[in-house]
file work-v6.cif (mmCIF, C-alpha atoms (C1' of nucleotides))
data_model
loop_
_atom_site.label_atom_id
_atom_site.label_comp_id
_atom_site.auth_asym_id
_atom_site.auth_seq_id
_atom_site.Cartn_x
_atom_site.Cartn_y
_atom_site.Cartn_z
CA MET A 1165 0.00 0.00 0.00
CA GLU A 1166 1.10 3.51 -0.82
CA SER A 1167 0.75 6.28 1.61
CA PRO A 1168 -1.92 8.70 0.43
CA ASN A 1169 0.67 11.40 0.56
CA ARG A 1170 1.66 11.79 -3.05
CA ASN A 1171 4.05 14.67 -2.71
CA VAL A 1172 7.06 12.40 -3.09
CA LYS A 1173 7.96 11.26 -6.58
CA SER A 1174 4.39 10.50 -7.39
CA ALA A 1175 4.07 8.76 -10.70
CA LEU A 1176 2.36 10.77 -13.36
CA ASN A 1177 -0.68 9.39 -15.01
CA PRO A 1178 -0.97 9.77 -18.76
CA THR A 1179 -3.49 12.58 -18.61
CA GLY A 1180 -1.53 14.55 -16.08
CA ALA A 1181 1.64 14.10 -18.06
CA SER A 1182 0.07 15.39 -21.23
CA LEU A 1183 -1.25 18.44 -19.40
CA LEU A 1184 2.27 19.19 -18.26
CA GLY A 1185 3.34 18.88 -21.86
CA PHE A 1186 0.86 21.49 -22.99
CA LEU A 1187 1.91 23.78 -20.21
CA MET A 1188 5.54 23.60 -21.31
CA ALA A 1189 4.62 26.20 -23.91
CA GLY A 1190 3.31 28.65 -21.34
CA PRO A 1191 0.62 29.20 -18.71
CA LYS A 1192 -2.91 28.18 -19.52
CA THR A 1193 -6.23 27.76 -17.79
CA GLY A 1194 -8.03 24.44 -17.69
CA TRP A 1195 -10.34 25.69 -20.35
CA ASP A 1196 -7.45 26.75 -22.56
CA LEU A 1197 -5.92 23.32 -22.16
CA LEU A 1198 -9.09 21.64 -23.29
CA GLN A 1199 -9.23 23.86 -26.33
CA ALA A 1200 -5.58 23.33 -27.12
CA ILE A 1201 -5.85 19.56 -26.85
CA ASP A 1202 -9.02 19.49 -28.86
CA ALA A 1203 -7.36 21.48 -31.62
CA SER A 1204 -4.26 19.33 -31.81
CA VAL A 1205 -3.90 15.74 -30.62
CA GLY A 1206 -7.40 15.58 -29.18
CA ASN A 1207 -8.56 12.93 -31.58
CA PHE A 1208 -5.70 10.62 -30.77
CA TRP A 1209 -5.44 11.42 -27.14
CA ASN A 1210 -8.77 11.77 -25.51
CA VAL A 1211 -8.91 13.83 -22.35
CA THR A 1212 -12.13 14.66 -20.60
CA ARG A 1213 -13.11 17.95 -19.11
CA SER A 1214 -13.82 16.74 -15.66
CA GLN A 1215 -10.43 15.16 -15.39
CA VAL A 1216 -8.46 18.18 -16.47
CA TYR A 1217 -9.45 20.23 -13.49
CA SER A 1218 -8.84 17.54 -10.93
CA GLU A 1219 -5.51 16.69 -12.51
CA LEU A 1220 -4.49 20.33 -12.44
CA LYS A 1221 -5.14 20.36 -8.72
CA ALA A 1222 -3.27 17.13 -8.18
CA LEU A 1223 -0.33 18.37 -10.21
CA THR A 1224 -0.30 21.60 -8.25
CA ALA A 1225 -0.36 19.64 -5.01
CA GLY A 1226 2.57 17.60 -6.30
CA GLY A 1227 4.55 20.78 -6.99
CA TYR A 1228 4.56 20.35 -10.75
CA LEU A 1229 2.38 23.37 -11.36
CA LYS A 1230 1.69 26.62 -9.70
CA GLU A 1231 -1.40 28.74 -9.93
CA GLY A 1232 -1.19 32.17 -11.43
CA LYS A 1233 -3.51 34.93 -10.36
CA GLU A 1234 -7.00 34.88 -11.75
CA GLN A 1235 -7.67 37.12 -14.66
CA SER A 1236 -10.98 38.74 -15.26
CA ARG A 1237 -13.74 36.31 -14.95
CA ARG A 1238 -13.10 32.88 -13.47
CA LYS A 1239 -9.97 32.04 -15.36
CA GLN A 1240 -7.43 30.25 -13.24
CA PRO A 1241 -4.11 30.02 -15.08
CA TYR A 1242 -1.54 27.37 -14.24
CA SER A 1243 2.12 27.43 -15.10
CA ILE A 1244 4.60 24.59 -15.01
CA THR A 1245 7.40 24.57 -12.43
CA ALA A 1246 10.97 23.42 -12.90
CA SER A 1247 10.05 20.21 -11.15
CA GLY A 1248 7.13 19.79 -13.54
CA ARG A 1249 9.37 20.22 -16.54
CA ARG A 1250 11.79 17.67 -15.23
CA VAL A 1251 9.12 15.10 -14.47
CA PHE A 1252 7.45 15.62 -17.82
CA LYS A 1253 10.64 15.09 -19.76
CA GLN A 1254 11.33 11.99 -17.74
CA TRP A 1255 7.83 10.69 -18.42
CA LEU A 1256 8.30 11.23 -22.14
CA LYS A 1257 11.23 8.84 -22.13
CA ASN A 1258 8.86 5.96 -21.44
CA GLU A 1259 8.16 3.79 -24.41
CA PRO A 1260 4.72 4.77 -25.67
CA GLY A 1261 2.30 2.02 -24.75
CA PRO A 1262 -0.09 0.08 -26.93
CA GLU A 1263 -2.85 1.83 -28.77
CA LEU A 1264 -6.39 1.80 -27.56
CA LEU A 1265 -9.23 2.09 -30.01
CA ARG A 1266 -12.94 1.93 -29.55
CA LEU A 1267 -14.88 2.32 -32.77
CA PRO A 1268 -18.56 1.65 -32.14
CA ILE A 1269 -19.20 1.75 -35.86
CA ALA A 1270 -16.87 -1.21 -36.32
CA LEU A 1271 -18.90 -3.14 -33.79
CA SER A 1272 -22.14 -2.27 -35.54
CA VAL A 1273 -20.74 -3.44 -38.83
CA PHE A 1274 -19.34 -6.57 -37.24
CA PHE A 1275 -22.77 -7.41 -35.87
CA GLY A 1276 -24.39 -6.28 -39.10
CA GLN A 1277 -26.26 -9.53 -39.51
CA HIS A 1278 -28.36 -8.60 -36.49
CA VAL A 1279 -29.30 -5.15 -37.77
CA SER A 1280 -31.59 -4.29 -40.65
CA ALA A 1281 -29.72 -3.27 -43.77
CA ALA A 1282 -31.50 0.10 -43.73
CA GLU A 1283 -30.43 0.88 -40.19
CA LEU A 1284 -26.90 -0.18 -40.86
CA ALA A 1285 -26.81 1.95 -43.97
CA GLY A 1286 -28.00 4.88 -41.88
CA PHE A 1287 -25.26 4.38 -39.33
CA VAL A 1288 -22.68 4.20 -42.05
CA ALA A 1289 -24.00 7.31 -43.76
CA ASN A 1290 -23.88 9.26 -40.51
CA ALA A 1291 -20.37 8.08 -39.84
CA GLN A 1292 -19.38 9.20 -43.32
CA VAL A 1293 -20.73 12.67 -42.60
CA ARG A 1294 -18.85 12.88 -39.31
CA HIS A 1295 -15.60 11.76 -40.84
CA ARG A 1296 -15.92 14.04 -43.82
CA GLN A 1297 -16.48 16.96 -41.46
CA GLN A 1298 -13.51 16.02 -39.36
CA LEU A 1299 -11.39 15.70 -42.48
CA HIS A 1300 -12.39 19.22 -43.49
CA VAL A 1301 -11.52 20.46 -40.04
CA TYR A 1302 -8.05 18.96 -40.33
CA GLN A 1303 -7.55 20.30 -43.82
CA ALA A 1304 -8.61 23.79 -42.82
CA LEU A 1305 -6.33 23.60 -39.81
CA LEU A 1306 -3.46 22.50 -41.99
CA GLU A 1307 -4.02 25.29 -44.41
CA SER A 1308 -4.31 28.00 -41.80
CA SER A 1309 -1.30 26.82 -39.84
CA LYS A 1310 0.76 26.58 -43.00
CA ALA A 1311 -0.31 30.10 -43.84
CA ALA A 1312 0.85 31.31 -40.43
CA ASP A 1313 4.10 29.39 -40.54
CA PRO A 1314 5.10 27.36 -43.59
CA ASN A 1315 7.61 25.41 -41.52
CA CYS A 1316 5.25 24.47 -38.73
CA ASP A 1317 5.08 20.87 -37.60
CA ASP A 1318 2.06 19.25 -39.16
CA THR A 1319 2.95 15.67 -38.35
CA VAL A 1320 -0.03 14.95 -36.13
CA LEU A 1321 -2.36 16.80 -38.48
CA GLN A 1322 -1.17 14.50 -41.23
CA LEU A 1323 -2.09 11.56 -39.05
CA GLY A 1324 -5.54 13.01 -38.61
CA ILE A 1325 -5.96 13.44 -42.33
CA ALA A 1326 -4.66 9.96 -43.03
CA TYR A 1327 -6.95 8.47 -40.42
CA GLU A 1328 -10.07 10.21 -41.66
CA THR A 1329 -9.26 9.41 -45.25
CA MET A 1330 -8.78 5.75 -44.39
CA MET A 1331 -12.06 5.63 -42.45
CA LEU A 1332 -13.93 7.31 -45.29
CA HIS A 1333 -12.55 4.81 -47.73
CA TRP A 1334 -13.52 1.89 -45.52
CA LEU A 1335 -16.99 3.31 -44.91
CA LYS A 1336 -17.46 3.63 -48.63
CA THR A 1337 -16.77 -0.04 -49.16
CA VAL A 1338 -19.06 -0.90 -46.27
CA ALA A 1339 -21.78 1.25 -47.78
CA SER A 1340 -21.53 -0.45 -51.14
CA ARG A 1341 -21.55 -3.90 -49.59
CA THR A 1342 -24.53 -3.02 -47.44
CA ALA A 1343 -26.38 -1.75 -50.45
CA LEU A 1344 -25.80 -5.02 -52.22
CA GLY A 1345 -27.73 -6.81 -49.51
CA GLY A 1346 -25.84 -7.31 -46.28
CA MET B 505 -37.82 10.82 -28.42
CA GLU B 506 -38.02 7.89 -26.05
CA SER B 507 -39.60 4.80 -27.36
CA PRO B 508 -42.40 3.53 -25.14
CA ASN B 509 -40.81 0.12 -25.27
CA ARG B 510 -38.68 0.82 -22.25
CA ASN B 511 -39.94 -1.94 -19.99
CA VAL B 512 -36.67 -3.87 -20.11
CA LYS B 513 -34.49 -1.25 -18.47
CA SER B 514 -31.70 -1.37 -21.00
CA ALA B 515 -28.94 -0.76 -18.51
CA LEU B 516 -26.64 -2.47 -20.91
CA ASN B 517 -23.16 -1.09 -21.02
CA PRO B 518 -21.17 -1.31 -24.24
CA THR B 519 -18.99 -4.15 -23.07
CA GLY B 520 -21.90 -6.19 -21.85
CA ALA B 521 -23.77 -5.59 -25.07
CA SER B 522 -20.89 -6.80 -27.18
CA LEU B 523 -20.57 -9.93 -25.08
CA LEU B 524 -24.22 -10.66 -25.75
CA GLY B 525 -23.47 -10.22 -29.42
CA PHE B 526 -20.73 -12.80 -29.35
CA LEU B 527 -22.96 -15.20 -27.49
CA MET B 528 -25.65 -14.90 -30.15
CA ALA B 529 -23.62 -17.43 -32.13
CA GLY B 530 -23.67 -19.97 -29.34
CA PRO B 531 -22.52 -20.65 -25.77
CA LYS B 532 -19.04 -19.65 -24.78
CA THR B 533 -16.94 -19.32 -21.68
CA GLY B 534 -15.41 -16.06 -20.59
CA TRP B 535 -12.10 -17.23 -21.91
CA ASP B 536 -13.60 -18.18 -25.27
CA LEU B 537 -15.13 -14.74 -25.49
CA LEU B 538 -11.80 -13.08 -24.90
CA GLN B 539 -10.24 -15.19 -27.63
CA ALA B 540 -13.08 -14.56 -30.04
CA ILE B 541 -13.00 -10.82 -29.51
CA ASP B 542 -9.25 -10.73 -29.77
CA ALA B 543 -9.38 -12.58 -33.08
CA SER B 544 -12.03 -10.37 -34.64
CA VAL B 545 -12.94 -6.82 -33.61
CA GLY B 546 -10.56 -6.80 -30.68
CA ASN B 547 -8.40 -4.06 -32.10
CA PHE B 548 -11.32 -1.74 -32.64
CA TRP B 549 -13.28 -2.68 -29.62
CA ASN B 550 -11.13 -3.08 -26.62
CA VAL B 551 -12.43 -5.31 -23.85
CA THR B 552 -10.38 -6.24 -20.85
CA ARG B 553 -10.22 -9.60 -19.20
CA SER B 554 -11.21 -8.53 -15.77
CA GLN B 555 -14.34 -6.93 -17.08
CA VAL B 556 -15.58 -9.87 -19.08
CA TYR B 557 -16.10 -12.05 -16.06
CA SER B 558 -17.84 -9.46 -13.98
CA GLU B 559 -20.04 -8.50 -16.91
CA LEU B 560 -20.98 -12.11 -17.48
CA LYS B 561 -22.15 -12.29 -13.91
CA ALA B 562 -24.06 -9.06 -14.16
CA LEU B 563 -25.72 -10.15 -17.38
CA THR B 564 -26.65 -13.44 -15.80
CA ALA B 565 -28.14 -11.62 -12.84
CA GLY B 566 -30.11 -9.50 -15.26
CA GLY B 567 -31.53 -12.59 -16.92
CA TYR B 568 -29.77 -12.02 -20.23
CA LEU B 569 -27.55 -15.06 -19.88
CA LYS B 570 -27.73 -18.37 -18.20
CA GLU B 571 -24.90 -20.53 -17.05
CA GLY B 572 -24.40 -23.92 -18.60
CA LYS B 573 -22.86 -26.72 -16.64
CA GLU B 574 -19.12 -26.69 -16.23
CA GLN B 575 -17.20 -28.83 -18.60
CA SER B 576 -14.03 -30.51 -17.63
CA ARG B 577 -11.70 -28.09 -16.06
CA ARG B 578 -13.00 -24.76 -14.86
CA LYS B 579 -14.80 -23.74 -17.97
CA GLN B 580 -18.06 -22.04 -17.16
CA PRO B 581 -20.09 -21.68 -20.36
CA TYR B 582 -22.74 -19.03 -20.73
CA SER B 583 -25.56 -19.00 -23.22
CA ILE B 584 -27.78 -16.14 -24.19
CA THR B 585 -31.46 -16.15 -23.21
CA ALA B 586 -34.41 -14.93 -25.26
CA SER B 587 -34.42 -11.80 -23.16
CA GLY B 588 -30.74 -11.35 -23.87
CA ARG B 589 -31.29 -11.64 -27.62
CA ARG B 590 -34.06 -9.08 -27.49
CA VAL B 591 -32.05 -6.60 -25.46
CA PHE B 592 -29.01 -7.03 -27.65
CA LYS B 593 -30.92 -6.39 -30.84
CA GLN B 594 -32.47 -3.35 -29.24
CA TRP B 595 -29.08 -2.08 -28.16
CA LEU B 596 -27.73 -2.49 -31.67
CA LYS B 597 -30.36 -0.06 -32.93
CA ASN B 598 -28.62 2.74 -31.06
CA GLU B 599 -26.61 5.02 -33.23
CA PRO B 600 -22.99 4.03 -32.76
CA GLY B 601 -21.31 6.69 -30.63
CA PRO B 602 -18.20 8.71 -31.29
CA GLU B 603 -14.89 6.98 -31.68
CA LEU B 604 -12.37 6.88 -28.93
CA LEU B 605 -8.69 6.66 -29.74
CA ARG B 606 -5.67 6.73 -27.54
CA LEU B 607 -2.43 6.54 -29.45
CA PRO B 608 0.49 7.15 -27.10
CA ILE B 609 2.84 7.23 -30.06
CA ALA B 610 0.94 10.23 -31.43
CA LEU B 611 1.50 12.01 -28.15
CA SER B 612 5.19 11.21 -28.17
CA VAL B 613 5.50 12.56 -31.68
CA PHE B 614 3.47 15.62 -30.81
CA PHE B 615 5.82 16.37 -27.94
CA GLY B 616 8.78 15.36 -30.06
CA GLN B 617 10.59 18.63 -29.42
CA HIS B 618 11.03 17.56 -25.81
CA VAL B 619 12.53 14.15 -26.63
CA SER B 620 15.92 13.41 -28.10
CA ALA B 621 15.79 12.55 -31.77
CA ALA B 622 17.37 9.17 -31.06
CA GLU B 623 14.76 8.22 -28.50
CA LEU B 624 11.95 9.33 -30.72
CA ALA B 625 13.39 7.37 -33.60
CA GLY B 626 13.48 4.32 -31.35
CA PHE B 627 9.85 4.72 -30.39
CA VAL B 628 8.87 5.06 -34.01
CA ALA B 629 10.91 2.04 -35.02
CA ASN B 630 9.27 -0.08 -32.34
CA ALA B 631 5.85 1.09 -33.38
CA GLN B 632 6.66 0.18 -36.96
CA VAL B 633 7.55 -3.33 -35.88
CA ARG B 634 4.35 -3.73 -33.91
CA HIS B 635 2.18 -2.46 -36.74
CA ARG B 636 3.93 -4.57 -39.33
CA GLN B 637 3.34 -7.62 -37.18
CA GLN B 638 -0.30 -6.77 -36.71
CA LEU B 639 -0.67 -6.25 -40.43
CA HIS B 640 0.74 -9.71 -41.04
CA VAL B 641 -1.68 -11.15 -38.51
CA TYR B 642 -4.60 -9.58 -40.34
CA GLN B 643 -3.33 -10.71 -43.73
CA ALA B 644 -2.86 -14.26 -42.54
CA LEU B 645 -6.31 -14.22 -40.98
CA LEU B 646 -7.78 -12.94 -44.20
CA GLU B 647 -6.09 -15.60 -46.23
CA SER B 648 -7.07 -18.46 -43.97
CA SER B 649 -10.66 -17.36 -43.62
CA LYS B 650 -10.96 -16.89 -47.38
CA ALA B 651 -9.57 -20.38 -47.80
CA ALA B 652 -12.21 -21.76 -45.44
CA ASP B 653 -15.05 -19.77 -46.99
CA PRO B 654 -14.47 -17.54 -50.00
CA ASN B 655 -17.70 -15.69 -49.26
CA CYS B 656 -16.97 -14.96 -45.63
CA ASP B 657 -17.42 -11.44 -44.32
CA ASP B 658 -14.05 -9.78 -44.15
CA THR B 659 -15.26 -6.22 -43.64
CA VAL B 660 -13.69 -5.69 -40.25
CA LEU B 661 -10.50 -7.44 -41.29
CA GLN B 662 -10.27 -4.98 -44.15
CA LEU B 663 -10.53 -2.16 -41.63
CA GLY B 664 -7.69 -3.72 -39.70
CA ILE B 665 -5.55 -3.92 -42.77
CA ALA B 666 -6.39 -0.38 -43.79
CA TYR B 667 -5.64 0.92 -40.32
CA GLU B 668 -2.29 -0.80 -40.02
CA THR B 669 -1.30 0.25 -43.50
CA MET B 670 -2.19 3.84 -42.77
CA MET B 671 -0.24 3.81 -39.52
CA LEU B 672 2.79 2.27 -41.18
CA HIS B 673 2.70 4.92 -43.84
CA TRP B 674 2.45 7.68 -41.28
CA LEU B 675 5.22 6.18 -39.16
CA LYS B 676 7.43 6.07 -42.22
CA THR B 677 7.00 9.78 -42.82
CA VAL B 678 7.64 10.45 -39.14
CA ALA B 679 10.79 8.36 -39.28
CA SER B 680 12.13 10.24 -42.25
CA ARG B 681 11.35 13.61 -40.71
CA THR B 682 12.95 12.55 -37.46
CA ALA B 683 16.05 11.40 -39.29
CA LEU B 684 16.36 14.79 -40.92
CA GLY B 685 16.70 16.37 -37.52
CA GLY B 686 13.35 16.86 -35.78
"C1'" DC C 747 -32.96 49.15 -15.11
"C1'" DC C 748 -34.54 44.44 -15.27
"C1'" DT C 749 -35.20 40.01 -17.57
"C1'" DG C 750 -34.06 36.25 -20.16
"C1'" DC C 751 -30.91 34.05 -23.22
"C1'" DT C 752 -26.55 32.08 -24.39
"C1'" DA C 753 -21.72 31.06 -24.28
"C1'" DC C 754 -18.16 30.47 -20.98
"C1'" DA C 755 -15.52 28.20 -16.93
"C1'" DG C 756 -15.40 25.15 -13.71
"C1'" DT C 757 -17.36 21.51 -10.12
"C1'" DC C 758 -19.06 17.13 -8.76
"C1'" DC C 759 -20.57 12.57 -9.06
"C1'" DT C 760 -21.03 7.86 -10.76
"C1'" DA C 761 -20.47 4.28 -14.02
"C1'" DA C 762 -17.27 2.18 -16.99
"C1'" DT C 763 -12.71 0.71 -18.00
"C1'" DT C 764 -7.92 -0.34 -17.47
"C1'" DG C 765 -4.09 -2.85 -15.81
"C1'" DG C 766 -2.17 -5.77 -13.25
"C1'" DA C 767 -1.37 -9.00 -9.13
"C1'" DG C 768 -3.07 -12.94 -7.24
"C1'" DT C 769 -5.41 -17.79 -7.18
"C1'" DA C 770 -6.68 -21.95 -8.75
"C1'" DT C 771 -6.89 -25.82 -12.06
"C1'" DC C 772 -5.42 -28.71 -15.63
"C1'" DT C 773 -1.65 -31.22 -18.75
"C1'" DA C 774 2.37 -32.96 -19.56
"C1'" DT C 775 6.69 -34.74 -18.25
"C1'" DC C 776 9.81 -36.80 -15.60
"C1'" DG D 191 3.69 -37.66 -7.28
"C1'" DA D 192 6.27 -33.47 -7.91
"C1'" DT D 193 6.46 -29.78 -10.62
"C1'" DA D 194 6.62 -26.60 -14.56
"C1'" DG D 195 3.85 -24.18 -17.58
"C1'" DA D 196 -0.26 -23.01 -19.86
"C1'" DT D 197 -5.17 -22.19 -18.85
"C1'" DA D 198 -9.23 -20.00 -16.58
"C1'" DC D 199 -10.73 -16.95 -13.47
"C1'" DT D 200 -10.89 -13.38 -9.26
"C1'" DC D 201 -10.04 -9.16 -7.11
"C1'" DC D 202 -8.73 -4.50 -6.47
"C1'" DA D 203 -7.01 0.28 -7.13
"C1'" DA D 204 -6.35 3.80 -10.32
"C1'" DT D 205 -8.04 6.02 -14.40
"C1'" DT D 206 -11.40 7.61 -17.66
"C1'" DA D 207 -15.82 8.68 -19.59
"C1'" DG D 208 -19.87 11.18 -19.58
"C1'" DG D 209 -23.03 13.99 -17.80
"C1'" DA D 210 -25.69 16.98 -14.71
"C1'" DC D 211 -25.12 20.88 -12.23
"C1'" DT D 212 -23.52 25.74 -10.56
"C1'" DG D 213 -22.22 30.07 -11.33
"C1'" DT D 214 -20.60 34.38 -14.40
"C1'" DA D 215 -20.32 37.48 -18.10
"C1'" DG D 216 -22.14 39.73 -22.17
"C1'" DC D 217 -25.82 41.13 -24.66
"C1'" DA D 218 -30.69 41.89 -26.69
"C1'" DG D 219 -35.32 43.34 -25.91
"C1'" DG D 220 -38.67 45.69 -23.22
#
call {"tool": "encode", "arguments": {"input": "work-v6.cif", "output": "structure tokens"}}
result
Amino acid sequence: MESPNRNVKSALNPTGASLLGFLMAGPKTGWDLLQAIDASVGNFWNVTRSQVYSELKALTAGGYLKEGKEQSRRKQPYSITASGRRVFKQWLKNEPGPELLRLPIALSVFFGQHVSAAELAGFVANAQVRHRQQLHVYQALLESSKAADPNCDDTVLQLGIAYETMMLHWLKTVASRTALGG
Amino acid sequence: MESPNRNVKSALNPTGASLLGFLMAGPKTGWDLLQAIDASVGNFWNVTRSQVYSELKALTAGGYLKEGKEQSRRKQPYSITASGRRVFKQWLKNEPGPELLRLPIALSVFFGQHVSAAELAGFVANAQVRHRQQLHVYQALLESSKAADPNCDDTVLQLGIAYETMMLHWLKTVASRTALGG
DNA sequence: CCTGCTACAGTCCTAATTGGAGTATCTATC
DNA sequence: GATAGATACTCCAATTAGGACTGTAGCAGG
């Protein structure tokens, strides 16, 4: 059993570590962090709102962050400490673990025999819309960030585009198979 | 918005529902289920061992499953009840929810500026190996299932192949960028 | 000025899920 | 019949997901 006192060398959890990473670039509020994550790796690294705020508190308690003074409104900015930077860099040295995917649409297709063809086709069509939208989002993001800085790092954006493109392609084949009488 | 047919409180969680789906094809033990999931949608629908057994119990308590008699060894088979079939089919009518991805390698690449190029290259190389292996697994599976039944449904396998191929392609571009001095 | 509407910022709670460590139970092999 | 190793399952703590809920600020209409 661990003592509940986590102020000594407490291991970072993945969410906390990624928050530290985003704060390396400068102070942010919890809200800012959510926006920043959503606009970058969000699709490949899900982080939920409720957890951000509790993690920020835990990280502050651990000495990895310190609170800035509130701006107008209820914005509580956090900035990373030297200890936070150190721990984050250390955490990043860990071999990235296995991927975790949960694609409900894949399950629906897998169990397609138990769904009416019309319903399945509807699910697929909706998924196509969502993925097309997300693809446009990535493409717009790519364009605007290239406009701001032609040398900017678009590696993760490229992953997003590749992923959405792949899904759209797969959904198209599913749609045609379904139409043929799945 | 709500259907009036709500008498069977569908407190089915996603994992439980998918277990019901796998049991539609016939009785299985918890272990069998794990194997079956792992060999089919496992990569797009993560389900963890510990949860399978507790879900099986919960589903049994809910009347959706009933236990068969233990075979040799400690194999406890479960079979789906009429109520279970009904609830599963109902659950499948739900619009499949948003996708959930967690790709630690994407995070490592995103924070690549804080990792040494050598370490990052190592991570990428390892990921390439893993994805190449998984691609081979899918390809072998496709071949053997086509051999057994040329008309079998390979839709989800195709997704697997497309996903691994896409990731390998992306990893290759990351590797070359990293080599250039990321 | 007051009211209602809406977007913003954060809190709180519970169910679901993960990730192991631990416990038997069988099979084979000597 | 001891024991090594694969098989089948149990248990628990930490993490995550997903909302419902509480305020606050800015603004439009009356």
call {"tool": "atom_distance", "arguments": {"input": "work-v6.cif", "atom1": "CA of Thr659 (chain B)", "atom2": "CA of Leu1284 (chain A)"}}
result
13.4 Å
call {"tool": "closest_residue", "arguments": {"input": "work-v6.cif", "among": "A:Leu1197, A:Met1188, A:Tyr1217, A:Thr1342", "to": "chain C", "atoms": "only C-alpha atoms (C1' of nucleotides)"}}
result
A:Tyr1217
call {"tool": "closest_residue", "arguments": {"input": "work-v6.cif", "among": "D:DT200, D:DT193, D:DT212, D:DT206", "to": "chain B", "atoms": "all atoms listed in the file"}}
result
D:DT200
call {"tool": "calpha_fit_rmsd", "arguments": {"input": "work-v6.cif", "fixed": "chain B", "moving": "chain A"}}
result
3.4 Å
call {"tool": "interface_residues", "arguments": {"input": "work-v6.cif", "of": "chain B", "to": "chain A", "cutoff": "6 Å", "atoms": "all atoms listed in the file", "output": "number ranges by chain"}}
result
B: 548-549, 600-601, 603-609
call {"tool": "write_last_selection", "arguments": {"input": "work-v6.cif", "atoms": "C-alpha atoms", "output": "CSV table (one decimal), keeping the file's coordinate frame"}}
result
chain,number,residue,atom,x,y,z
B,548,PHE,CA,-11.3,-1.7,-32.6
B,549,TRP,CA,-13.3,-2.7,-29.6
B,600,PRO,CA,-23.0,4.0,-32.8
B,601,GLY,CA,-21.3,6.7,-30.6
B,603,GLU,CA,-14.9,7.0,-31.7
B,604,LEU,CA,-12.4,6.9,-28.9
B,605,LEU,CA,-8.7,6.7,-29.7
B,606,ARG,CA,-5.7,6.7,-27.5
B,607,LEU,CA,-2.4,6.5,-29.4
B,608,PRO,CA,0.5,7.2,-27.1
B,609,ILE,CA,2.8,7.2,-30.1
call {"tool": "resolve_selection", "arguments": {"input": "work-v6.cif", "expression": "the PyMOL selection byres ((chain C and resi 764) around 12)", "output": "list in words"}}
result
Leu1264 of chain A; Asn550, Val551, Thr552, Arg553, Ser554 and Gln555 of chain B; DA762, DT763, DG765 and DG766 of chain C; DC202, DA203, DA204, DT205 and DT206 of chain D
call {"tool": "interface_residues", "arguments": {"input": "work-v6.cif", "of": "chain D", "to": "chain B", "cutoff": "10 Å", "atoms": "all atoms listed in the file", "output": "PyMOL selection string"}}
result
chain D and resi 197-201
call {"tool": "interface_residues", "arguments": {"input": "work-v6.cif", "of": "chain C", "to": "chain A", "cutoff": "10 Å", "atoms": "all atoms listed in the file", "output": "short mmCIF file (atom, residue, chain, number, x, y, z; two decimals) with C-alpha atoms (C1' of nucleotides), in the coordinates of the input"}}
result
data_model
loop_
_atom_site.label_atom_id
_atom_site.label_comp_id
_atom_site.auth_asym_id
_atom_site.auth_seq_id
_atom_site.Cartn_x
_atom_site.Cartn_y
_atom_site.Cartn_z
"C1'" DC C 754 -18.16 30.47 -20.98
"C1'" DA C 755 -15.52 28.20 -16.93
"C1'" DG C 756 -15.40 25.15 -13.71
"C1'" DT C 757 -17.36 21.51 -10.12
"C1'" DC C 758 -19.06 17.13 -8.76
#
call {"tool": "atom_distance", "arguments": {"input": "work-v6.cif", "atom1": "C1' of DC759 (chain C)", "atom2": "CA of Ala1225 (chain A)"}}
result
21.8 Å
call {"tool": "atom_distance", "arguments": {"input": "work-v6.cif", "atom1": "CA of Ala1181 (chain A)", "atom2": "CA of Ile1244 (chain A)"}}
result
11.3 Å
call {"tool": "residues_around", "arguments": {"input": "work-v6.cif", "residues": "Ala1246 (chain A)", "least_positions_apart": "3", "cutoff": "9 Å", "atoms": "all atoms listed in the file", "output": "NGL selection string"}}
result
:A and (1228-1229 or 1249-1251)
